[in-house]
Every structure is written in C-alpha cells, then in structure tokens.
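Have a look at the structure below, then the notes.
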Amino acid sequence: MAKNKLNKNWLHDHINDPYVKLAQKEGYRARAAFKLKEIDESEKLIKPGQVIVDLGCTPGSWGQYTRRKLAGKEGGGINGTMIGLDILPMDPIADMHFIQGDFREDEVLDQLAVVLEGRRADLVLSDMAPNLSGIPTADAARMEHLIDLAIEFSQMHLKPGGALLVKCFKDMGFTQIVEKFRTEFKTVKQIKPKASRDKSSEIFLLGRGLKNPVEYKSSAQGDPALDI
C-alpha cells in the first residue's frame, strides 16, 4: 500500500511539474534538458566548434539541448561535433554521432576514435545514474563506480583544458567523489540547478582542467594528438 501511495505521489508531482510541461512544449525528450541548460548558461560550457561527448546519452534530452546550442552552421547542420554513447538504444538526433555499446569495450572506443579523428573532446557530459538496490552502501558503490568510469574516460579523451560534468547524489558516496574530482581536476564546482527537484539529493559536479591526461592509443586510429 505504501509503495502504491508513493507511486501515486510521484505521478502527481511529475504531471504537475512545470519543467515536464516545459519539456513537452519545447520538444525535449525529458525535463533533464533544463538542468543542462541552466548549468550551461551559468558556466558557459557549450560553444560553437566544440567536440562534445555525452556518456549515457539516452533518451537524448541533453543531446537535443547541445544540438540547439551548436546549430546555425551555414547551409544547415551544426558547428561542432556531437557524440553520444549508451548501452541502451536511442532515437536519432540530427547531427549527433550515436554509438550503442559499453564505452569500456575496445570495439566501442575504436568507433569513437574514428569519429574523433585524433581530436580530444572539449566537454564530456554524464547524466548516468545506477540502477538502485535500496541498499545505501551498494548504491553508493555503484554511483562511485560510474563516476570513476567518467573520470577515466575523460583522462583519455578530454583536452587537458576541457571540462567534465557529471550527475551525483549527496547520499551516495558524495564526499569521496568530490575528493576524486579534486585529485583529477584543477577546479571543481558543485551545482544544484533549479530544475533539479528539491526533494532529490541530486547534484552536479563540474571539473575543469585535467591534472593527469592519459595518452590513448586506439587500434583503429593510431595515436591521437593530445591537442594541448
């Protein structure tokens, strides 16, 4: 009974959520687009000409927002490169290179290398979240693991001066995650956008300036330039 009541409360809040209504009005696949929009407008993350990688990009609202920011190329298309990776399938987004698969696997990374053509990303985005078990220690470990993957990916594929934006939760190993960010990035900022629900412990971490970039060698592309 309690679970049914919780589901009904969530559904009521969701239906009446102004960001849900706004997402429907503006053609976004999820209200999460407005979290990225708010962070981008305050931090000036997305700029024409950039290479942007979106980890865990499904259903695609962050990709939709990013495309709108990069649109306007003469003759159509975008001024920049957008790449989305996810284990789950995703409906296409115009001008976005979508690679379905696990970005820890060589086959997926080789596909990524072909699109990057030796370049490194200006910005890596991750709205990934673990499947929750309800066991706090296990959920914290899963969240921390996802952040580790995003950091490791950035070390190999992000420009030394680039930025990584990830979703975290304050009740899931957050202190340790912040410390990891401070170890790997020159500046670290915590951001709670207004579009993030008040009841949620969700918070975003923005790291800028890699301290320890790693040279990545792809079997498909050879040695990509560090582009420092």
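A note on labels: chains of the structure tokens are A, B, ... as shown, every chain counts residues from 1, and ligands are counted from 1 in their shown order.
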
Pick out each residue of region 7-201 of chain A that DSSP on the backbone tags as strand (DSSP E or B); I need them as a PyMOL selection string.
chain A and resi 51-55+71+78+81-86+96-100+121-126+158-169+185-191

Could you dump the residues just selected with N, CA and C atoms as a short mmCIF file (atom, residue, chain, number, x, y, z; two decimals), in the first residue's frame?
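Saved as result_14.cif:
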```
data_model
loop_
_atom_site.label_atom_id
_atom_site.label_comp_id
_atom_site.auth_asym_id
_atom_site.auth_seq_id
_atom_site.Cartn_x
_atom_site.Cartn_y
_atom_site.Cartn_z
N VAL A 51 34.02 19.87 -29.59
CA VAL A 51 33.77 18.44 -29.65
C VAL A 51 33.19 18.05 -28.29
N ILE A 52 31.96 17.51 -28.30
CA ILE A 52 31.26 17.21 -27.06
C ILE A 52 30.84 15.75 -27.04
N VAL A 53 31.16 15.05 -25.95
CA VAL A 53 30.81 13.64 -25.79
C VAL A 53 29.81 13.51 -24.64
N ASP A 54 28.70 12.81 -24.91
CA ASP A 54 27.62 12.63 -23.95
C ASP A 54 27.57 11.15 -23.55
N LEU A 55 28.01 10.85 -22.32
CA LEU A 55 28.03 9.47 -21.83
C LEU A 55 26.67 9.12 -21.23
N ALA A 71 23.81 24.57 -33.31
CA ALA A 71 23.15 24.77 -34.61
C ALA A 71 23.50 26.13 -35.19
N ILE A 78 25.44 21.57 -37.79
CA ILE A 78 25.95 22.18 -36.57
C ILE A 78 27.41 22.60 -36.74
N THR A 81 31.09 19.02 -33.13
CA THR A 81 30.92 17.57 -33.23
C THR A 81 30.25 17.06 -31.96
N MET A 82 29.16 16.32 -32.13
CA MET A 82 28.43 15.72 -31.01
C MET A 82 28.50 14.21 -31.11
N ILE A 83 28.88 13.58 -29.99
CA ILE A 83 28.96 12.12 -29.95
C ILE A 83 28.23 11.63 -28.69
N GLY A 84 27.31 10.71 -28.87
CA GLY A 84 26.60 10.12 -27.75
C GLY A 84 26.90 8.64 -27.63
N LEU A 85 27.10 8.18 -26.40
CA LEU A 85 27.35 6.75 -26.16
C LEU A 85 26.37 6.25 -25.11
N ASP A 86 25.82 5.07 -25.35
CA ASP A 86 24.94 4.46 -24.36
C ASP A 86 24.78 2.97 -24.66
N MET A 96 24.04 14.15 -34.57
CA MET A 96 24.73 13.52 -33.44
C MET A 96 25.19 12.13 -33.85
N HIS A 97 26.48 11.85 -33.62
CA HIS A 97 27.01 10.50 -33.84
C HIS A 97 26.64 9.67 -32.62
N PHE A 98 25.81 8.66 -32.81
CA PHE A 98 25.42 7.80 -31.69
C PHE A 98 26.09 6.45 -31.81
N ILE A 99 26.75 6.03 -30.74
CA ILE A 99 27.40 4.73 -30.68
C ILE A 99 26.76 3.93 -29.56
N GLN A 100 26.10 2.82 -29.92
CA GLN A 100 25.46 1.99 -28.91
C GLN A 100 26.43 0.93 -28.45
N ALA A 121 38.04 15.76 -26.76
CA ALA A 121 36.79 16.47 -26.50
C ALA A 121 37.04 17.74 -25.70
N ASP A 122 36.24 18.75 -25.98
CA ASP A 122 36.24 19.98 -25.17
C ASP A 122 35.41 19.79 -23.91
N LEU A 123 34.38 18.94 -24.03
CA LEU A 123 33.43 18.76 -22.93
C LEU A 123 32.93 17.32 -22.92
N VAL A 124 32.95 16.70 -21.74
CA VAL A 124 32.35 15.38 -21.54
C VAL A 124 31.19 15.55 -20.56
N LEU A 125 30.02 15.04 -20.95
CA LEU A 125 28.81 15.13 -20.13
C LEU A 125 28.43 13.73 -19.66
N SER A 126 27.95 13.63 -18.42
CA SER A 126 27.45 12.35 -17.94
C SER A 126 26.25 12.57 -17.02
N LEU A 158 39.57 13.70 -23.07
CA LEU A 158 39.27 15.12 -22.86
C LEU A 158 40.54 15.96 -23.04
N LYS A 159 40.38 17.13 -23.65
CA LYS A 159 41.50 18.05 -23.73
C LYS A 159 41.95 18.41 -22.31
N PRO A 160 43.24 18.60 -22.10
CA PRO A 160 43.70 18.97 -20.75
C PRO A 160 42.97 20.18 -20.17
N GLY A 161 42.56 21.10 -21.04
CA GLY A 161 41.85 22.29 -20.56
C GLY A 161 40.34 22.16 -20.61
N GLY A 162 39.85 20.95 -20.91
CA GLY A 162 38.41 20.74 -21.07
C GLY A 162 37.69 20.57 -19.75
N ALA A 163 36.38 20.21 -19.85
CA ALA A 163 35.55 20.10 -18.65
C ALA A 163 34.76 18.80 -18.66
N LEU A 164 34.51 18.29 -17.45
CA LEU A 164 33.66 17.11 -17.24
C LEU A 164 32.52 17.50 -16.31
N LEU A 165 31.29 17.25 -16.75
CA LEU A 165 30.11 17.49 -15.92
C LEU A 165 29.42 16.17 -15.65
N VAL A 166 29.25 15.83 -14.37
CA VAL A 166 28.61 14.57 -14.00
C VAL A 166 27.48 14.79 -13.00
N LYS A 167 26.52 13.86 -13.04
CA LYS A 167 25.46 13.85 -12.03
C LYS A 167 25.89 12.99 -10.85
N CYS A 168 25.64 13.48 -9.63
CA CYS A 168 25.91 12.73 -8.41
C CYS A 168 24.68 12.81 -7.51
N PHE A 169 24.77 12.12 -6.36
CA PHE A 169 23.73 12.22 -5.34
C PHE A 169 24.42 12.40 -4.00
N PHE A 185 41.10 17.17 -11.21
CA PHE A 185 40.82 18.43 -11.90
C PHE A 185 41.34 19.63 -11.11
N LYS A 186 41.75 20.65 -11.85
CA LYS A 186 42.31 21.85 -11.22
C LYS A 186 41.25 22.66 -10.48
N THR A 187 40.04 22.73 -11.05
CA THR A 187 38.94 23.41 -10.36
C THR A 187 37.72 22.50 -10.34
N VAL A 188 37.01 22.50 -9.22
CA VAL A 188 35.83 21.66 -9.04
C VAL A 188 34.70 22.51 -8.46
N LYS A 189 33.52 22.39 -9.05
CA LYS A 189 32.38 23.18 -8.59
C LYS A 189 31.16 22.29 -8.41
N GLN A 190 30.43 22.50 -7.32
CA GLN A 190 29.18 21.78 -7.07
C GLN A 190 28.01 22.67 -7.52
N ILE A 191 27.07 22.09 -8.27
CA ILE A 191 25.96 22.87 -8.82
C ILE A 191 24.65 22.13 -8.60
#
```

Have a look at CA of Pro213 (chain A) and CA of Phe153 (chain A) and let me know their distance in Å, one decimal.
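That distance, rounded to one decimal, is 10.0 Å.
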
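When only C-alpha atoms are used to compute distances to Lys170 (chain A), the closest of the residues A:Lys192, A:Ile203, A:Ala150, A:Val214 turns out to be A:Ile203.
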
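If you look at CA of Leu109 (chain A) and CA of Leu88 (chain A), they are 16.1 Å away from each other.
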
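Nearest to Phe174 (chain A) of all the residues A:Ile87, A:Leu112, A:Ile147, A:Leu22 is A:Ile147, counting only C-alpha atoms.
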
Name the closest residue to Ala138 (chain A) among the candidates A:Gly173, A:Ala113, A:Gly80, A:Gly207; distances are taken between atoms, counting only C-alpha atoms.
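Nearest to Ala138 (chain A): A:Gly173.
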